[in-house]
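Quick notes on the structure that follows.
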Amino acid sequence: MRCIRFEKEKKYVEDFLSLPKRLYAADRNTEDPKQTKQLLLGTHPLSKYFTLDKFLAYDGETVVGRFAITTYPQDDTAYLGFYECVHNDRAAKFLFDTAYSFAKSRGCSRLVGPVDASFWIKYRLKTNFFNIPPYTGEPYNQSWYLKQFTDNGFSVWHHYTSNMYRPIEESYTNEKYSDRLQKFLQEGYEIISPDMNDYAQIIDELYGLLTELYKDFPTYKPIEKADFVSMFSSYKTIMLPQMVKLAYYKGKMVGFFLSVPNFGNAVYHLNPLNIVKILRTKADPQEYVMLYMGVDQAHKGLGKALVGSIMDALRGTGLPSIGALARDGKVTQNYGDDLLEAKYEYVLLERAVEG
């Protein structure tokens, strides 16, 4: 078994991109090959913020694993991401030993993963419900990866859940949320669905609020507004305004709730067939994914009002929903607990680098 650290060589870039296609069924592969290729070549809008070192493991001429190490200036943590490996303990140990040695040679104090280059791209490891195809925005991976991480010195640093909610019947009421919604409306707050013609302004407002609210999240790194806009510009094409809620007070955005129909993994593989699938799903959603939510800390309690407005939008549609990726200890984990059917689980792991 041998490991290649590569730069931009065409063969290795292609081998890196080919491994997920071998490991996953078509409806399970959540890697966006265009985005990953940009990151490998250093042409992605976020590439200027970090150094990405790429590795491939071969058994003979066959790729058996891959990973990349991301390092940032003034940060002694090495972020291990783009991890893929065959179901083989020896291959996994070889990958992790190589990653550890490289992090140590760079003077890093610990390895954290999985993080695919950036907080803004993809991080966290899925640990259950592998029998269900990934929902849009889910960090999906093979079921054996958690054991590979923990067998090689990693332990859980943070734990996250996504809530699966049953459809909200027309007759459903929850005074906790409806009363909070009415309270904030009476106090002069506006909670609206956006006009997508104003998307550029909305993204501009979201940048200021979201970057402030998320700055204490694990693996978070700030990015410039232009890069944020570049990352989120494509969301306009997959959002339905009625399932996006923006809260304003005295003309200032103070809260948001961003949802999309569940397109599965079609949004990562834009071929003619999937474009048709996306258009059909947008016209006739079967499930919604609640991707992002945040409230200015000066407006405590507004979160429940936003949830109340989303419940109103979902009521009577007959559609289930997923509240995505809340970290343990955040109040968002418990929103709508009376509608909860099950929980997806995810972890972020770390390993100390000695010496």
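Ligands are numbered from 1 in the order shown, residues from 1 within each chain, and chains are lettered A, B, ... in the order they appear in the structure tokens.
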
For A:Ala226, work out the shell of residues within 10 Å, counting only C-alpha atoms and skipping chain neighbours fewer than 2 positions away, then give it as a ChimeraX atom specification.
/A:45,204,207,223-224,228-231

Could you write out the selected residues, including C-alpha atoms, as a PDB file, in the first residue's frame?
ATOM      1  CA  PRO A  45     -13.838  31.129  -4.101  1.00  0.00           C
ATOM      2  CA  ASP A 204     -26.551  40.998   1.910  1.00  0.00           C
ATOM      3  CA  TYR A 207     -24.440  37.827   5.649  1.00  0.00           C
ATOM      4  CA  ILE A 223     -15.313  34.849   4.933  1.00  0.00           C
ATOM      5  CA  GLU A 224     -15.790  38.062   2.983  1.00  0.00           C
ATOM      6  CA  PHE A 228     -20.596  34.428   0.999  1.00  0.00           C
ATOM      7  CA  VAL A 229     -22.743  35.732  -1.851  1.00  0.00           C
ATOM      8  CA  SER A 230     -20.939  33.436  -4.285  1.00  0.00           C
ATOM      9  CA  MET A 231     -21.561  30.430  -2.027  1.00  0.00           C
TER      10      MET A 231
END

Which residues come within 7 Å of A:Val86, counting only C-alpha atoms, excluding same-chain residues fewer than 2 positions away, as a VMD selection string?
chain A and resid 64 to 65 88

Can you spit out the residues from that selection as a short mmCIF file (atom, residue, chain, number, x, y, z; two decimals), in the first residue's frame, using N, CA and C atoms?
data_model
loop_
_atom_site.label_atom_id
_atom_site.label_comp_id
_atom_site.auth_asym_id
_atom_site.auth_seq_id
_atom_site.Cartn_x
_atom_site.Cartn_y
_atom_site.Cartn_z
N VAL A 64 -7.79 2.95 -2.72
CA VAL A 64 -8.54 2.36 -1.60
C VAL A 64 -8.92 3.41 -0.56
N GLY A 65 -8.41 4.63 -0.71
CA GLY A 65 -8.78 5.68 0.24
C GLY A 65 -8.24 7.03 -0.19
N ASN A 88 -12.07 -1.59 4.99
CA ASN A 88 -10.86 -2.36 5.25
C ASN A 88 -10.07 -1.66 6.35
#

Of the listed residues A:Ser234, A:Thr98, A:Thr211, A:Asn174, that which approaches A:Tyr199 most closely, counting only C-alpha atoms
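Of the candidates, the smallest distance to A:Tyr199 is held by A:Ser234.
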
Sorted by chain and rising residue number, which residues of stretch 156-231 of chain A lie within 8 Å of stretch 294-300 of chain A, and what are their closest atom pairs and distances in Å to one decimal, counting only C-alpha atoms, as a Markdown table?
| residue | atom | partner | partner_atom | distance |
| --- | --- | --- | --- | --- |
| A:Leu209 | CA | A:Asp296 | CA | 7.1 |
| A:Leu210 | CA | A:Gly294 | CA | 6.9 |
| A:Leu213 | CA | A:Gly294 | CA | 6.9 |

Output all heavy atoms for every residue in that selection, as a compact mmCIF listing (two decimals), in the first residue's frame.
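Output contents, as saved in part-v4.txt:
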# COMPACT_ATOMS: atom_id res chain seq x y z
N LEU A 209 -26.05 39.01 9.62
CA LEU A 209 -26.68 38.34 10.74
C LEU A 209 -26.11 36.94 10.94
O LEU A 209 -25.75 36.54 12.06
CB LEU A 209 -28.19 38.28 10.51
CG LEU A 209 -29.05 37.66 11.62
CD1 LEU A 209 -28.79 38.33 12.96
CD2 LEU A 209 -30.53 37.75 11.26
N LEU A 210 -26.01 36.18 9.87
CA LEU A 210 -25.60 34.79 9.98
C LEU A 210 -24.14 34.67 10.42
O LEU A 210 -23.80 33.83 11.27
CB LEU A 210 -25.81 34.09 8.63
CG LEU A 210 -25.73 32.56 8.59
CD1 LEU A 210 -26.67 32.03 7.51
CD2 LEU A 210 -24.34 32.08 8.31
N LEU A 213 -23.98 35.29 14.16
CA LEU A 213 -24.58 34.25 14.97
C LEU A 213 -23.77 32.96 14.98
O LEU A 213 -23.77 32.21 15.96
CB LEU A 213 -26.00 33.94 14.47
CG LEU A 213 -27.04 35.05 14.66
CD1 LEU A 213 -28.35 34.66 13.98
CD2 LEU A 213 -27.29 35.30 16.14

Within stretch 16-254 of chain A, find each residue whose DSSP state, derived from the backbone, is strand (DSSP E), and express the selection as a count of residues only.
57

Choose the residue, out of A:Lys48, A:Lys330, A:Lys304, A:Arg90, that has the smallest atom-to-atom separation from A:Asp227; count only C-alpha atoms.
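So, comparing all the options, the nearest one is A:Lys48.
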
List every residue of stretch 173-258 of chain A that DSSP, applied to the backbone, labels as helix (DSSP H, G or I), and write the result as a PyMOL selection string.
chain A and resi 175-186+196-213+225-237+241-243

For the residues in the current selection, export N, CA and C atoms as a compact mmCIF listing (two decimals), in the first residue's frame.
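Output file again.txt follows:
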# COMPACT_ATOMS: atom_id res chain seq x y z
N GLU A 175 -50.02 26.09 21.31
CA GLU A 175 -50.13 27.45 21.82
C GLU A 175 -48.77 28.08 22.10
N LYS A 176 -47.79 27.27 22.45
CA LYS A 176 -46.45 27.79 22.76
C LYS A 176 -45.89 28.58 21.59
N TYR A 177 -46.11 28.07 20.36
CA TYR A 177 -45.56 28.72 19.18
C TYR A 177 -46.52 29.77 18.61
N SER A 178 -47.80 29.44 18.58
CA SER A 178 -48.75 30.41 18.02
C SER A 178 -48.86 31.66 18.89
N ASP A 179 -48.84 31.49 20.21
CA ASP A 179 -48.90 32.66 21.10
C ASP A 179 -47.64 33.52 20.96
N ARG A 180 -46.48 32.87 20.83
CA ARG A 180 -45.23 33.63 20.69
C ARG A 180 -45.24 34.40 19.36
N LEU A 181 -45.77 33.77 18.30
CA LEU A 181 -45.85 34.46 17.01
C LEU A 181 -46.72 35.69 17.12
N GLN A 182 -47.89 35.55 17.71
CA GLN A 182 -48.79 36.70 17.86
C GLN A 182 -48.18 37.79 18.73
N LYS A 183 -47.47 37.40 19.77
CA LYS A 183 -46.84 38.37 20.66
C LYS A 183 -45.85 39.25 19.90
N PHE A 184 -45.00 38.63 19.10
CA PHE A 184 -43.99 39.41 18.38
C PHE A 184 -44.63 40.27 17.28
N LEU A 185 -45.65 39.75 16.64
CA LEU A 185 -46.34 40.55 15.62
C LEU A 185 -46.98 41.78 16.26
N GLN A 186 -47.57 41.60 17.43
CA GLN A 186 -48.20 42.72 18.12
C GLN A 186 -47.18 43.75 18.60
N MET A 196 -38.41 37.07 -4.12
CA MET A 196 -37.13 36.61 -4.65
C MET A 196 -36.49 37.61 -5.60
N ASN A 197 -37.23 38.60 -6.05
CA ASN A 197 -36.63 39.68 -6.84
C ASN A 197 -35.68 40.52 -5.98
N ASP A 198 -35.84 40.42 -4.67
CA ASP A 198 -34.97 41.16 -3.74
C ASP A 198 -33.86 40.28 -3.18
N TYR A 199 -33.55 39.17 -3.86
CA TYR A 199 -32.64 38.17 -3.31
C TYR A 199 -31.26 38.76 -3.00
N ALA A 200 -30.75 39.63 -3.86
CA ALA A 200 -29.43 40.20 -3.63
C ALA A 200 -29.39 40.98 -2.32
N GLN A 201 -30.44 41.74 -2.05
CA GLN A 201 -30.50 42.50 -0.79
C GLN A 201 -30.64 41.56 0.40
N ILE A 202 -31.44 40.51 0.23
CA ILE A 202 -31.65 39.55 1.32
C ILE A 202 -30.35 38.86 1.70
N ILE A 203 -29.58 38.43 0.68
CA ILE A 203 -28.30 37.78 0.95
C ILE A 203 -27.35 38.73 1.66
N ASP A 204 -27.39 39.99 1.26
CA ASP A 204 -26.55 41.00 1.91
C ASP A 204 -26.90 41.12 3.40
N GLU A 205 -28.20 41.15 3.71
CA GLU A 205 -28.63 41.23 5.11
C GLU A 205 -28.31 39.95 5.87
N LEU A 206 -28.49 38.81 5.22
CA LEU A 206 -28.21 37.53 5.86
C LEU A 206 -26.73 37.40 6.23
N TYR A 207 -25.88 37.92 5.39
CA TYR A 207 -24.44 37.83 5.65
C TYR A 207 -24.10 38.43 7.02
N GLY A 208 -24.59 39.62 7.27
CA GLY A 208 -24.27 40.26 8.53
C GLY A 208 -24.81 39.51 9.73
N LEU A 209 -26.05 39.01 9.62
CA LEU A 209 -26.68 38.34 10.74
C LEU A 209 -26.11 36.94 10.94
N LEU A 210 -26.01 36.18 9.87
CA LEU A 210 -25.60 34.79 9.98
C LEU A 210 -24.14 34.67 10.42
N THR A 211 -23.27 35.51 9.89
CA THR A 211 -21.86 35.42 10.27
C THR A 211 -21.65 35.81 11.74
N GLU A 212 -22.48 36.69 12.25
CA GLU A 212 -22.38 37.05 13.67
C GLU A 212 -22.88 35.91 14.55
N LEU A 213 -23.98 35.29 14.16
CA LEU A 213 -24.58 34.25 14.97
C LEU A 213 -23.77 32.96 14.98
N LYS A 225 -17.87 39.11 2.36
CA LYS A 225 -19.24 39.13 1.86
C LYS A 225 -19.34 38.62 0.42
N ALA A 226 -18.41 39.01 -0.43
CA ALA A 226 -18.47 38.58 -1.83
C ALA A 226 -18.40 37.07 -1.95
N ASP A 227 -17.62 36.44 -1.10
CA ASP A 227 -17.50 34.98 -1.14
C ASP A 227 -18.75 34.31 -0.57
N PHE A 228 -19.33 34.92 0.46
CA PHE A 228 -20.60 34.43 1.00
C PHE A 228 -21.68 34.48 -0.07
N VAL A 229 -21.75 35.58 -0.78
CA VAL A 229 -22.74 35.73 -1.85
C VAL A 229 -22.52 34.68 -2.93
N SER A 230 -21.25 34.45 -3.29
CA SER A 230 -20.94 33.44 -4.29
C SER A 230 -21.39 32.05 -3.84
N MET A 231 -21.19 31.74 -2.55
CA MET A 231 -21.56 30.43 -2.03
C MET A 231 -23.07 30.22 -2.00
N PHE A 232 -23.82 31.29 -1.71
CA PHE A 232 -25.26 31.14 -1.48
C PHE A 232 -26.13 31.61 -2.65
N SER A 233 -25.51 32.06 -3.73
CA SER A 233 -26.30 32.57 -4.85
C SER A 233 -27.19 31.50 -5.48
N SER A 234 -26.71 30.26 -5.50
CA SER A 234 -27.48 29.19 -6.14
C SER A 234 -28.73 28.80 -5.36
N TYR A 235 -28.81 29.17 -4.08
CA TYR A 235 -29.98 28.81 -3.28
C TYR A 235 -31.26 29.44 -3.82
N LYS A 236 -31.12 30.54 -4.52
CA LYS A 236 -32.30 31.22 -5.06
C LYS A 236 -33.11 30.28 -5.95
N THR A 237 -32.43 29.41 -6.68
CA THR A 237 -33.12 28.55 -7.64
C THR A 237 -33.84 27.38 -6.98
N PRO A 241 -40.47 30.59 -1.74
CA PRO A 241 -40.62 31.73 -0.82
C PRO A 241 -41.50 31.44 0.38
N GLN A 242 -42.58 30.64 0.20
CA GLN A 242 -43.51 30.41 1.31
C GLN A 242 -42.87 29.62 2.45
N MET A 243 -41.73 28.96 2.16
CA MET A 243 -41.05 28.19 3.20
C MET A 243 -39.76 28.85 3.66

Between atom CA of A:Pro222 and atom CA of A:Gly303, what is the spacing in Å?
23.8 Å

Point out the residue among A:Thr30, A:Thr77, A:Gln286, A:Ser118 with the least atom-to-atom distance to A:Asn141, counting only C-alpha atoms.
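Smallest separation from A:Asn141 among the options: A:Thr30.
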
Nearest to A:Leu270 among A:Glu31, A:Glu9, A:Glu14, A:Asp89, with distances taken over only C-alpha atoms: which residue is it?
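Comparing A:Glu31, A:Glu9, A:Glu14, A:Asp89 against A:Leu270, the winner is A:Glu31.
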
Which of A:Tyr292, A:Ala352, A:Val276, A:Lys122 sits closest to A:Asp76 [using only C-alpha atoms]:
A:Ala352

Contact residues around A:Ile168 with only C-alpha atoms at 9 Å, ignoring same-chain residues under 5 positions, as an MDAnalysis selection string
chainID A and resid 311:312 314:320 339

May I have the residues from that selection written out with N, CA, C and O atoms, as a PDB file, in the first residue's frame?
ATOM      1  N   MET A 311     -44.723  26.554  10.960  1.00  0.00           N
ATOM      2  CA  MET A 311     -45.795  25.588  11.213  1.00  0.00           C
ATOM      3  C   MET A 311     -47.059  25.996  10.481  1.00  0.00           C
ATOM      4  O   MET A 311     -47.772  25.145   9.928  1.00  0.00           O
ATOM      5  N   ASP A 312     -47.354  27.289  10.472  1.00  0.00           N
ATOM      6  CA  ASP A 312     -48.529  27.765   9.739  1.00  0.00           C
ATOM      7  C   ASP A 312     -48.412  27.437   8.252  1.00  0.00           C
ATOM      8  O   ASP A 312     -49.388  27.052   7.605  1.00  0.00           O
ATOM      9  N   LEU A 314     -46.682  24.973   6.935  1.00  0.00           N
ATOM     10  CA  LEU A 314     -46.722  23.520   6.729  1.00  0.00           C
ATOM     11  C   LEU A 314     -48.096  22.914   7.022  1.00  0.00           C
ATOM     12  O   LEU A 314     -48.435  21.854   6.491  1.00  0.00           O
ATOM     13  N   ARG A 315     -48.870  23.593   7.866  1.00  0.00           N
ATOM     14  CA  ARG A 315     -50.141  23.027   8.324  1.00  0.00           C
ATOM     15  C   ARG A 315     -51.056  22.701   7.143  1.00  0.00           C
ATOM     16  O   ARG A 315     -51.315  23.529   6.287  1.00  0.00           O
ATOM     17  N   GLY A 316     -51.507  21.467   7.111  1.00  0.00           N
ATOM     18  CA  GLY A 316     -52.470  21.055   6.088  1.00  0.00           C
ATOM     19  C   GLY A 316     -51.852  20.640   4.773  1.00  0.00           C
ATOM     20  O   GLY A 316     -52.562  20.169   3.882  1.00  0.00           O
ATOM     21  N   THR A 317     -50.519  20.785   4.602  1.00  0.00           N
ATOM     22  CA  THR A 317     -49.894  20.371   3.340  1.00  0.00           C
ATOM     23  C   THR A 317     -49.763  18.863   3.236  1.00  0.00           C
ATOM     24  O   THR A 317     -49.611  18.319   2.147  1.00  0.00           O
ATOM     25  N   GLY A 318     -49.770  18.174   4.412  1.00  0.00           N
ATOM     26  CA  GLY A 318     -49.563  16.733   4.418  1.00  0.00           C
ATOM     27  C   GLY A 318     -48.120  16.323   4.225  1.00  0.00           C
ATOM     28  O   GLY A 318     -47.836  15.142   3.997  1.00  0.00           O
ATOM     29  N   LEU A 319     -47.190  17.291   4.354  1.00  0.00           N
ATOM     30  CA  LEU A 319     -45.786  16.997   4.069  1.00  0.00           C
ATOM     31  C   LEU A 319     -44.961  16.917   5.352  1.00  0.00           C
ATOM     32  O   LEU A 319     -45.090  17.773   6.229  1.00  0.00           O
ATOM     33  N   PRO A 320     -44.101  15.921   5.446  1.00  0.00           N
ATOM     34  CA  PRO A 320     -43.162  15.860   6.578  1.00  0.00           C
ATOM     35  C   PRO A 320     -42.025  16.858   6.370  1.00  0.00           C
ATOM     36  O   PRO A 320     -41.880  17.451   5.299  1.00  0.00           O
ATOM     37  N   LEU A 339     -43.980  16.936  17.524  1.00  0.00           N
ATOM     38  CA  LEU A 339     -44.152  16.420  16.165  1.00  0.00           C
ATOM     39  C   LEU A 339     -43.032  15.460  15.767  1.00  0.00           C
ATOM     40  O   LEU A 339     -43.029  14.918  14.667  1.00  0.00           O
TER      41      LEU A 339
END

Would you list the contacts of A:Tyr135 as a short mmCIF file (atom, residue, chain, number, x, y, z; two decimals) with C-alpha atoms, in the first residue's frame, taking every protein, DNA or RNA residue within 8 Å and counting only C-alpha atoms, but skipping same-chain residues closer than 6 positions in sequence?
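Below you can see result.cif, which holds the result:
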data_model
loop_
_atom_site.label_atom_id
_atom_site.label_comp_id
_atom_site.auth_asym_id
_atom_site.auth_seq_id
_atom_site.Cartn_x
_atom_site.Cartn_y
_atom_site.Cartn_z
CA ASN A 262 -35.91 17.85 -0.23
CA PHE A 263 -34.20 17.35 -3.59
CA GLY A 264 -32.11 14.46 -2.27
CA ASN A 265 -28.66 14.53 -3.86
CA VAL A 289 -35.58 20.50 4.86
#

Write out as a PyMOL selection string each polymer residue whose atoms come within 10 Å of A:Tyr249, counting only C-alpha atoms; drop sequence neighbours fewer than 4 positions from it.
chain A and resi 184-185+187-191+253-255+299

Okay, now the selection with N, CA, C and O atoms, as a short mmCIF file (atom, residue, chain, number, x, y, z; two decimals), in the first residue's frame?
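And here is the file that came out, result10.cif:
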data_model
loop_
_atom_site.label_atom_id
_atom_site.label_comp_id
_atom_site.auth_asym_id
_atom_site.auth_seq_id
_atom_site.Cartn_x
_atom_site.Cartn_y
_atom_site.Cartn_z
N PHE A 184 -45.00 38.63 19.10
CA PHE A 184 -43.99 39.41 18.38
C PHE A 184 -44.63 40.27 17.28
O PHE A 184 -44.18 41.40 17.04
N LEU A 185 -45.65 39.75 16.64
CA LEU A 185 -46.34 40.55 15.62
C LEU A 185 -46.98 41.78 16.26
O LEU A 185 -46.94 42.90 15.70
N GLU A 187 -45.95 43.31 18.81
CA GLU A 187 -44.90 44.23 19.26
C GLU A 187 -44.22 44.95 18.11
O GLU A 187 -43.23 45.68 18.31
N GLY A 188 -44.72 44.77 16.90
CA GLY A 188 -44.20 45.51 15.76
C GLY A 188 -43.20 44.77 14.88
O GLY A 188 -42.62 45.36 13.96
N TYR A 189 -42.97 43.48 15.16
CA TYR A 189 -42.10 42.69 14.30
C TYR A 189 -42.83 42.30 13.02
O TYR A 189 -44.05 42.09 13.03
N GLU A 190 -42.10 42.20 11.94
CA GLU A 190 -42.63 41.67 10.69
C GLU A 190 -41.97 40.31 10.44
O GLU A 190 -40.75 40.20 10.52
N ILE A 191 -42.77 39.31 10.15
CA ILE A 191 -42.25 38.00 9.76
C ILE A 191 -42.85 37.68 8.40
O ILE A 191 -44.07 37.48 8.28
N MET A 253 -33.23 43.26 9.62
CA MET A 253 -33.40 41.82 9.73
C MET A 253 -32.83 41.33 11.06
O MET A 253 -31.67 41.59 11.38
N VAL A 254 -33.66 40.62 11.84
CA VAL A 254 -33.23 40.14 13.16
C VAL A 254 -33.41 38.62 13.31
O VAL A 254 -33.10 38.07 14.36
N GLY A 255 -33.91 37.96 12.27
CA GLY A 255 -34.08 36.52 12.35
C GLY A 255 -34.37 35.95 10.98
O GLY A 255 -34.84 36.66 10.07
N HIS A 299 -33.05 39.65 20.59
CA HIS A 299 -34.48 39.44 20.37
C HIS A 299 -34.86 38.02 20.82
O HIS A 299 -35.39 37.23 20.04
#

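One finds atom CA of A:Ser105 at 16.6 Å from atom CA of A:Phe67.
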
Extract, using only C-alpha atoms, all DNA, RNA and protein residues at most 10 Å from A:Leu23, discarding same-chain residues fewer than 4 positions from it, and format them as an MDAnalysis selection string.
chainID A and resid 18:19 28:29 64 84:87 141:142

So what do you get for atom CA of A:Thr150 versus atom CA of A:Thr127, distance-wise?
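Computing the Euclidean distance for atom CA of A:Thr150 and atom CA of A:Thr127 yields 12.2 Å.
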
Point out the residue among A:Tyr24, A:Phe6, A:Tyr335, A:Trp120 with the least atom-to-atom distance to A:Tyr214, counting only C-alpha atoms.
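Ranking A:Tyr24, A:Phe6, A:Tyr335, A:Trp120 by distance to A:Tyr214, first place goes to A:Trp120.
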